[in-house]
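Student: Sharing a structure below in structure tokens format, with a few things to ask.
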Amino acid sequence: MPRASTRRLVAGRGRYVDDIPAKGEVYAAFLRSPHAHAAFEVVNISAAAAIPGVVRVLTAEDIDPVCPPWKCVLRNAPDLQSPEQRPLARRQAVFQGEPIALVVAQSRAIAEDALELIEVEWSERPAAISLEAAAMPDAVPAHENLKSNICWRFEHRSGDPDKAFADAEHVVQRRLVFARKTGVPLEPRGILASYDPSTNALTVHVSHQMPHQFQLHLAELLGMSPLDVRVICSDIGGAFGIKMHVYPEEVAVCAASRILGRPVKFIADRVESLSSDVHAREHIVEARMAVNTSGMITAIDVDDIQGLGAYSVYPRSSTAEAMSALRAVGGPYRFDNYHALLRSVLQNKVMTGQYRSVGHPVAAAITEALVEDAAAVRGEDSIVFRQRNFLPTEAMPWVSPMGARMIDLSHHACLERMLTLVDYPRLRQEIDTWRQEGRIVGLGLASFVEFTATGAEAYGRAHVPVSSLDGVMLTMEPTGEVRAQCSASEIGQGIQQGLAQIIADAVGVRADKVRVALGDTAASPHGGGAWSSRGAAITGETAWTAGRKLRNELLNVAAAMLQTTAASLDLRDGRILAADTGAERIAIGDVARTAIFHPYDLPTGTNAQMSVSHTWGRDADPFLPTNGVQASLVEIDPISGLVRPLRHWVVEDCGRIINPLLVDEQIRGGVVQGIGEALYEICRYTEDGQYGSGTLADYLLPMAADMPDIVVAHVETPYSGSQLGAKGAGEAGTCGAPAAVLNAVNDALRPFSGRIDAMPISPVDVLRALGKLPAKAGA
Amino acid sequence: MMASDEPMAEISCTVNGQPVRAHVPLRQSLVDFVRHGLGLTGSHVGCEHGVCGACHAVVDGRVVRGCLMLAVQVDGRTVTTIETDQPTAQMRALQDTFFERAALQCGFCTPGMILQASELLTRTAAPTRAEIRDALSGNYCRCTGYHAIVDAVETAAARLRDKAAA
């Protein structure tokens, strides 16, 4: 079923932040540090302030009195050390692009003119840029007076990995390098903050995934009551995790509106987005896998160095990505011994943070590369190796070495479905034929586990105010239609439609008789918003129960009207029916009108509730694991080294599917982001920390002509702990695609000398692996 | 609204069938003009240097990148945006198939996609999937992975052919 609300979007009637005007609004532009690490003084703003049309030039001197600094603190990780961060940096800039001053003017263009006239004295400092260098004990510190750039060190050991490696028949190992990338929502970050001094109230339109989370942080930072801070997220032009953080620019704009007492708008341009949105996935991972004589995985050992940038991102912490990766390593397989070491490193670069499928693509790439190596060393097809080592259905529930409860997964079924889907023996034959014709072609598989719909403990125990619960309020209109307010956020994934369908089914009306409103803290109950593929599993489950409550109320009123019992009635398609015969008794609108306008016709004390609400979050299962398999067929151009994805297949199990059309497109979109991660996308910094990927000509996104058609199929294993049985689907595509592409490229390279161990897979690395360019020095 | 020393020019053009006279800053792009000057916010600003295609508008019948053209350049010309109340048959068909096929998620790229695809279908009645992908390669979509968009354009082309044959 298509999304009703997209009729507006195809007509160009969407309302993104920059489309929303406020009377008297003025426009902000930021002066940003040109250096990766420097001390500075803003010495003169008068020339900038004198430009006609400039309203005010603001620096930390102005903002600090209305907004204190913040820093990332996780109570359950007390060793995590991240420096204080401010809306505008004060005397120290720690990454290129860090905001240091703000001009508010009658137009963005005038504000930018004024930026050029702000006089700043800079004193450059050595910068910690490359991950390896920044992680060294004697590294240049990323902040003055920082004793070590290691922000967070984590070690986990379960079972006896040392013994397992000592006893292993085979040990395979890889060193995989993952480059920084970013999410690139097509709508850049943006905010319109309107402070009303007469009521001390702030109304904020912002392109953000979690209006309630953002509301709480703004209220705290600005010393206001959340009752006086209203956050509205209207249409969001893509987010992918990039828009779930508290950024200096957004807070500075709210502070500026408070200082000026008028609406201030800031819309990041693309250079600003690429250089100040969170980046993700900067890891160097050394990984080993031990395999015994029976071909069973006995142990995995992972040493991950993760780049954080200049601060651990507020409030959720950049370290979440690596912790997520360590949790997902070895996901589909049963193994008992695990050692993981993580060092998360501060650098003079923009912060890294949660981006679609947080950490999982790293885990899948590591795991599935090791699986290929282990199968190869045993001389068997990796499919056989996978099938032998998958966690069997009958062994579930099973707790992984990192403590993840594995339930309701379908590894064997998904792989079998995949082999049928790709027609595996025939495809292998075709590949052999193509190779004989001189084509460089490869097929890669990747099984994966993606943890979704994060529960309360993940952030609750860290005392980070992030809701994993949702609230749903339903109101029966006198027409028999249903109005809903939900705490989920619509960011393009289609949850608004999904919730309408769930509520419609729960109540017994048609989906077009339900209107779901989202994204306004003044209207909807407090709740989680959009992250961790949580909409169907958590908001959906909440909406189902709310819908059943409303249905019960309606049936009770109908029973009173018809002088029968609620149990003898049914409610379908907006009609009250006799449960036994299906004969229509009365329309739902008549029930609603009686309850609302003619309650005197009902027995005294009926007090029918024509609005109901429900709040819900899972008690059990901190995460809902989902699983799947992806396959990628690629061809390498022998002259350029370019990799072309020819076909891509996904078999995915996200439990019960509410809207197959939307789920499939979530998967496809995720896959293409994963292909981008594997082949194109990289945030480059020079050795001295100059950012080099600031335009979409430098930062390569997958384009229509480069992408293959994507075949999607499903196995449905409902989550056993809920009524709907839904799990998360939004990130699975991104989770497995890079691993599948990496394995496909290395399969294509098998007849040649080299191998790829870095993403994105550069044409130069491919040519080296083909033996057409000399190997890298030291490699 | 503008500061007094912002260099301005007067332009006359036709926008979505209506005559428009406006004072515009010399440096203002076409997309900023239609968005902020005329309130036609269906053309979006995605990259500001002609790569992403979100800012597409139609000038004298040809799709242009609204971020690479100045407002003063449309003086005396005819501009059409996604909001036009006289969409072409191609636009209408594409709006239907994009909706039905879920060929959009966040919708930010969609107006540009539809204008570009509409130009393709005006030129080519039965494009192949590869031709569709090629024609849309100047329009970035970060959400869908393109597959559904290609489907939607294919279906719209087929419907338009059926209509022409009827």
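Ligands are numbered from 1 in the order shown, chains are lettered A, B, ... in the order of the structure tokens, and residues start at 1 in each chain.
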Tell me which protein, DNA and RNA residues are within 9 Å of Phe30 of chain A, counting only C-alpha atoms, leaving out same-chain ones fewer than 5 positions away, and put them as an mmCIF file with C-alpha atoms, in the first residue's frame.

Tutor:
data_model
loop_
_atom_site.group_PDB
_atom_site.id
_atom_site.type_symbol
_atom_site.label_atom_id
_atom_site.label_comp_id
_atom_site.auth_asym_id
_atom_site.auth_seq_id
_atom_site.Cartn_x
_atom_site.Cartn_y
_atom_site.Cartn_z
ATOM 1 C CA PRO A 99 32.110 27.113 14.285
ATOM 2 C CA ILE A 100 33.822 30.040 15.991
ATOM 3 C CA ALA A 101 31.504 32.974 15.213
ATOM 4 C CA LEU A 102 28.003 33.553 13.942
ATOM 5 C CA VAL A 103 26.615 36.356 11.804
ATOM 6 C CA VAL A 104 22.882 36.985 11.741
ATOM 7 C CA ALA A 111 25.712 37.071 6.475
ATOM 8 C CA GLU A 112 28.345 35.333 4.366
ATOM 9 C CA LEU A 115 31.946 36.520 7.739
ATOM 10 C CA GLU A 249 25.217 25.049 15.024
#

Student: Which of segment 235-484 of chain A end up as alpha helix (DSSP H) when DSSP is run on this backbone - answer as a ChimeraX atom specification?

Tutor: /A:248-260,270-276,319-328,360-378,382-389,411-422,424-436,457-460

Student: Check every residue of chain B for an atom within 8 Å of chain A, counting only C-alpha atoms, and provide those that qualify as a PyMOL selection string.

Tutor: chain B and resi 1-5+35+41-43+45-48+51-52+82-83+95+98-102+104-111+114+130+133-134+136-148

Student: For a test of reading the model, state the distance in Å between atom CA of Ala50 of chain A and atom CA of Ile118 of chain A, rounded to one decimal.

Tutor: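 Computing it gives 10.8 Å between the two atoms.
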
Student: Between atom CA of Arg388 of chain A and atom CA of Pro161 of chain A, what is the spacing in Å?

Tutor: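 So the two atoms, atom CA of Pro161 of chain A and atom CA of Arg388 of chain A, lie 20.3 Å apart.
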
Student: Write out as a list of chain:residue names which residues come within 9 Å of Arg230 of chain A when counting only C-alpha atoms, dropping same-chain ones fewer than 5 positions away.

Tutor: A:Ala201, A:Leu202, A:Thr203, A:Val204, A:His205, A:Pro211, A:His212, A:Gln215, A:Asp520, A:Thr521, A:Ala522

Student: Extract, using only C-alpha atoms, all DNA, RNA and protein residues at most 9 Å from segment 295-304 of chain A, discarding same-chain residues fewer than 5 positions from it, and format them as a VMD selection string.

Tutor: chain A and resid 159 to 162 164 to 165 168 to 170 283 to 290 322 326 329 to 330 333 to 344 366 to 367 374 to 375 378 385 388 to 389

Student: Using atom CA of Arg618 of chain A and atom CA of Glu321 of chain A as the two end points, give the distance in Å to one decimal.

Tutor: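 Atom-to-atom, atom CA of Arg618 of chain A and atom CA of Glu321 of chain A are spaced 22.4 Å apart.
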
Student: Any idea what's packed within 7 Å of Leu68 of chain B, counting only C-alpha atoms, ignoring anything in its chain fewer than 3 positions away? Could you give it as a list in words?

Tutor: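 Surrounding residues, per the criterion: Ser29, His49, Gly50 and Arg65 of chain B.
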
Student: Return as a tab-separated table (two decimals) with N, CA and C atoms, in the first residue's frame the full set of residues in segment 111-350 of chain A whose backbone-based DSSP assignment is strand (DSSP E).

Tutor:
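To be explicit, this is the file written out as part-v5.tsv:
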chain	number	residue	atom	x	y	z
A	119	GLU	N	37.77	39.68	11.91
A	119	GLU	CA	39.23	39.50	12.03
A	119	GLU	C	39.54	38.51	13.15
A	120	VAL	N	40.33	37.52	12.81
A	120	VAL	CA	40.70	36.48	13.76
A	120	VAL	C	42.20	36.30	13.71
A	121	GLU	N	42.83	36.21	14.86
A	121	GLU	CA	44.26	35.86	14.89
A	121	GLU	C	44.38	34.39	15.22
A	122	TRP	N	45.07	33.70	14.36
A	122	TRP	CA	45.19	32.24	14.51
A	122	TRP	C	46.61	31.85	14.90
A	123	SER	N	46.72	30.87	15.73
A	123	SER	CA	48.02	30.30	16.04
A	123	SER	C	47.89	28.78	15.90
A	124	GLU	N	48.39	28.28	14.79
A	124	GLU	CA	48.19	26.87	14.47
A	124	GLU	C	48.95	25.95	15.42
A	150	ILE	N	43.30	8.55	23.59
A	150	ILE	CA	42.38	7.41	23.75
A	150	ILE	C	41.23	7.87	24.65
A	151	CYS	N	40.09	8.06	24.03
A	151	CYS	CA	38.90	8.56	24.73
A	151	CYS	C	38.26	7.44	25.55
A	152	TRP	N	38.38	6.24	25.01
A	152	TRP	CA	37.66	5.11	25.63
A	152	TRP	C	38.35	3.82	25.22
A	153	ARG	N	38.61	2.97	26.21
A	153	ARG	CA	39.22	1.67	25.95
A	153	ARG	C	38.28	0.63	26.53
A	154	PHE	N	38.01	-0.39	25.75
A	154	PHE	CA	37.07	-1.42	26.20
A	154	PHE	C	37.66	-2.77	25.83
A	155	GLU	N	37.59	-3.68	26.76
A	155	GLU	CA	38.06	-5.03	26.46
A	155	GLU	C	37.04	-6.03	26.96
A	156	HIS	N	36.80	-7.02	26.16
A	156	HIS	CA	35.83	-8.05	26.53
A	156	HIS	C	36.44	-9.42	26.23
A	157	ARG	N	36.23	-10.32	27.17
A	157	ARG	CA	36.73	-11.67	26.97
A	157	ARG	C	35.66	-12.63	27.47
A	158	SER	N	35.27	-13.57	26.62
A	158	SER	CA	34.39	-14.61	27.14
A	158	SER	C	34.91	-15.95	26.66
A	170	HIS	N	42.97	-24.34	12.12
A	170	HIS	CA	43.29	-23.21	11.24
A	170	HIS	C	43.04	-21.90	11.97
A	171	VAL	N	43.91	-20.95	11.74
A	171	VAL	CA	43.63	-19.59	12.18
A	171	VAL	C	43.73	-18.69	10.95
A	172	VAL	N	42.68	-17.95	10.67
A	172	VAL	CA	42.74	-16.99	9.56
A	172	VAL	C	42.68	-15.60	10.15
A	173	GLN	N	43.32	-14.67	9.47
A	173	GLN	CA	43.31	-13.31	10.00
A	173	GLN	C	43.32	-12.28	8.90
A	174	ARG	N	42.78	-11.15	9.22
A	174	ARG	CA	42.72	-10.02	8.29
A	174	ARG	C	42.93	-8.72	9.03
A	175	ARG	N	43.48	-7.78	8.31
A	175	ARG	CA	43.52	-6.40	8.79
A	175	ARG	C	42.68	-5.60	7.82
A	176	LEU	N	41.56	-5.11	8.28
A	176	LEU	CA	40.64	-4.37	7.40
A	176	LEU	C	40.61	-2.90	7.80
A	177	VAL	N	40.67	-2.06	6.79
A	177	VAL	CA	40.67	-0.62	7.03
A	177	VAL	C	39.38	-0.03	6.46
A	178	PHE	N	38.65	0.67	7.30
A	178	PHE	CA	37.39	1.29	6.89
A	178	PHE	C	37.58	2.80	6.93
A	181	LYS	N	33.12	7.93	6.26
A	181	LYS	CA	32.11	8.34	5.29
A	181	LYS	C	31.04	9.11	6.04
A	182	THR	N	30.04	9.57	5.33
A	182	THR	CA	28.96	10.26	6.03
A	182	THR	C	27.63	9.99	5.34
A	190	GLY	N	19.07	21.74	9.14
A	190	GLY	CA	18.52	23.09	9.15
A	190	GLY	C	17.66	23.31	10.37
A	191	ILE	N	17.55	24.58	10.75
A	191	ILE	CA	16.76	24.91	11.95
A	191	ILE	C	16.19	26.31	11.81
A	192	LEU	N	14.99	26.48	12.31
A	192	LEU	CA	14.36	27.80	12.44
A	192	LEU	C	13.94	27.93	13.90
A	193	ALA	N	14.65	28.80	14.63
A	193	ALA	CA	14.38	28.95	16.06
A	193	ALA	C	13.70	30.28	16.30
A	194	SER	N	12.56	30.26	16.97
A	194	SER	CA	11.80	31.49	17.23
A	194	SER	C	11.59	31.64	18.73
A	195	TYR	N	12.34	32.55	19.32
A	195	TYR	CA	12.20	32.80	20.76
A	195	TYR	C	11.28	33.98	20.99
A	196	ASP	N	10.33	33.77	21.89
A	196	ASP	CA	9.37	34.83	22.22
A	196	ASP	C	9.67	35.31	23.64
A	201	ALA	N	9.35	31.60	25.64
A	201	ALA	CA	9.07	30.33	24.98
A	201	ALA	C	9.83	30.25	23.66
A	202	LEU	N	10.27	29.06	23.35
A	202	LEU	CA	11.06	28.84	22.14
A	202	LEU	C	10.35	27.82	21.26
A	203	THR	N	10.09	28.20	20.03
A	203	THR	CA	9.53	27.25	19.07
A	203	THR	C	10.59	26.97	18.02
A	204	VAL	N	10.86	25.69	17.80
A	204	VAL	CA	11.96	25.30	16.92
A	204	VAL	C	11.44	24.35	15.85
A	205	HIS	N	11.62	24.74	14.60
A	205	HIS	CA	11.45	23.80	13.49
A	205	HIS	C	12.84	23.29	13.15
A	206	VAL	N	13.01	22.00	13.11
A	206	VAL	CA	14.37	21.48	12.90
A	206	VAL	C	14.28	20.18	12.10
A	229	VAL	N	9.61	24.84	25.48
A	229	VAL	CA	10.40	24.56	24.27
A	229	VAL	C	9.58	23.60	23.41
A	230	ARG	N	9.14	24.08	22.27
A	230	ARG	CA	8.36	23.24	21.36
A	230	ARG	C	9.22	22.93	20.15
A	231	VAL	N	9.42	21.66	19.88
A	231	VAL	CA	10.22	21.24	18.73
A	231	VAL	C	9.30	20.58	17.72
A	232	ILE	N	9.37	21.08	16.49
A	232	ILE	CA	8.51	20.56	15.43
A	232	ILE	C	9.41	20.04	14.30
A	264	VAL	N	15.46	33.05	14.00
A	264	VAL	CA	16.74	32.91	13.30
A	264	VAL	C	16.72	31.57	12.58
A	265	LYS	N	17.10	31.62	11.30
A	265	LYS	CA	17.11	30.40	10.50
A	265	LYS	C	18.53	30.08	10.06
A	266	PHE	N	18.87	28.81	10.11
A	266	PHE	CA	20.15	28.36	9.56
A	266	PHE	C	19.91	27.10	8.75
A	267	ILE	N	20.32	27.14	7.50
A	267	ILE	CA	20.27	25.95	6.65
A	267	ILE	C	21.70	25.69	6.20
A	279	HIS	N	30.57	12.17	10.76
A	279	HIS	CA	31.09	11.13	9.88
A	279	HIS	C	30.92	9.80	10.61
A	280	ALA	N	31.30	8.73	9.94
A	280	ALA	CA	31.14	7.41	10.56
A	280	ALA	C	32.14	6.42	9.99
A	283	HIS	N	37.60	2.96	11.03
A	283	HIS	CA	38.10	1.85	11.85
A	283	HIS	C	39.31	1.20	11.20
A	284	ILE	N	40.23	0.76	12.02
A	284	ILE	CA	41.25	-0.19	11.57
A	284	ILE	C	41.08	-1.42	12.46
A	285	VAL	N	40.82	-2.53	11.83
A	285	VAL	CA	40.46	-3.72	12.60
A	285	VAL	C	41.41	-4.86	12.25
A	286	GLU	N	42.02	-5.43	13.28
A	286	GLU	CA	42.78	-6.68	13.13
A	286	GLU	C	41.88	-7.77	13.68
A	287	ALA	N	41.59	-8.76	12.86
A	287	ALA	CA	40.65	-9.79	13.30
A	287	ALA	C	41.19	-11.18	12.98
A	288	ARG	N	40.90	-12.11	13.88
A	288	ARG	CA	41.32	-13.49	13.68
A	288	ARG	C	40.13	-14.41	13.97
A	289	MET	N	40.14	-15.54	13.30
A	289	MET	CA	39.11	-16.55	13.55
A	289	MET	C	39.81	-17.91	13.70
A	290	ALA	N	39.44	-18.64	14.74
A	290	ALA	CA	39.98	-19.99	14.97
A	290	ALA	C	38.94	-21.02	14.53
A	291	VAL	N	39.42	-22.04	13.81
A	291	VAL	CA	38.53	-23.09	13.29
A	291	VAL	C	39.12	-24.43	13.70
A	297	ILE	N	33.77	-22.89	13.87
A	297	ILE	CA	34.42	-21.70	14.42
A	297	ILE	C	34.49	-21.87	15.94
A	298	THR	N	35.69	-21.74	16.49
A	298	THR	CA	35.80	-21.89	17.95
A	298	THR	C	36.06	-20.55	18.64
A	299	ALA	N	36.64	-19.62	17.92
A	299	ALA	CA	36.92	-18.33	18.57
A	299	ALA	C	37.07	-17.23	17.55
A	300	ILE	N	36.78	-16.02	17.99
A	300	ILE	CA	37.04	-14.81	17.19
A	300	ILE	C	37.75	-13.81	18.09
A	301	ASP	N	38.69	-13.12	17.49
A	301	ASP	CA	39.46	-12.10	18.22
A	301	ASP	C	39.47	-10.84	17.37
A	302	VAL	N	39.08	-9.73	17.95
A	302	VAL	CA	38.97	-8.48	17.20
A	302	VAL	C	39.67	-7.36	17.95
A	303	ASP	N	40.51	-6.64	17.25
A	303	ASP	CA	41.17	-5.46	17.82
A	303	ASP	C	40.79	-4.27	16.94
A	304	ASP	N	39.97	-3.39	17.50
A	304	ASP	CA	39.39	-2.30	16.70
A	304	ASP	C	39.93	-0.96	17.21
A	305	ILE	N	40.51	-0.20	16.30
A	305	ILE	CA	40.84	1.19	16.61
A	305	ILE	C	39.84	2.05	15.85
A	306	GLN	N	39.13	2.90	16.60
A	306	GLN	CA	38.04	3.68	16.00
A	306	GLN	C	38.35	5.16	16.11
A	307	GLY	N	38.13	5.88	15.03
A	307	GLY	CA	38.33	7.33	15.03
A	307	GLY	C	37.07	8.04	15.50
A	308	LEU	N	37.21	8.93	16.47
A	308	LEU	CA	36.05	9.64	17.02
A	308	LEU	C	35.92	11.06	16.50
A	309	GLY	N	37.05	11.63	16.04
A	309	GLY	CA	37.03	13.07	15.80
A	309	GLY	C	37.33	13.81	17.08
A	337	ASN	N	34.08	-18.60	22.18
A	337	ASN	CA	35.21	-17.88	22.74
A	337	ASN	C	35.44	-16.60	21.95
A	338	TYR	N	35.53	-15.51	22.67
A	338	TYR	CA	35.59	-14.21	21.99
A	338	TYR	C	36.47	-13.27	22.78
A	339	HIS	N	37.33	-12.59	22.06
A	339	HIS	CA	38.09	-11.51	22.68
A	339	HIS	C	37.94	-10.29	21.80
A	340	ALA	N	37.61	-9.18	22.42
A	340	ALA	CA	37.47	-7.93	21.67
A	340	ALA	C	38.18	-6.82	22.42
A	341	LEU	N	38.93	-6.04	21.68
A	341	LEU	CA	39.61	-4.88	22.26
A	341	LEU	C	39.27	-3.67	21.41
A	342	LEU	N	38.90	-2.60	22.09
A	342	LEU	CA	38.54	-1.38	21.37
A	342	LEU	C	39.32	-0.21	21.95
A	343	ARG	N	39.87	0.59	21.06
A	343	ARG	CA	40.39	1.89	21.46
A	343	ARG	C	39.73	2.95	20.58
A	344	SER	N	39.01	3.85	21.22
A	344	SER	CA	38.33	4.93	20.49
A	344	SER	C	39.15	6.19	20.67
A	345	VAL	N	39.49	6.83	19.55
A	345	VAL	CA	40.58	7.79	19.54
A	345	VAL	C	40.10	9.18	19.14
A	346	LEU	N	40.46	10.17	19.96
A	346	LEU	CA	40.17	11.57	19.60
A	346	LEU	C	41.14	12.04	18.53
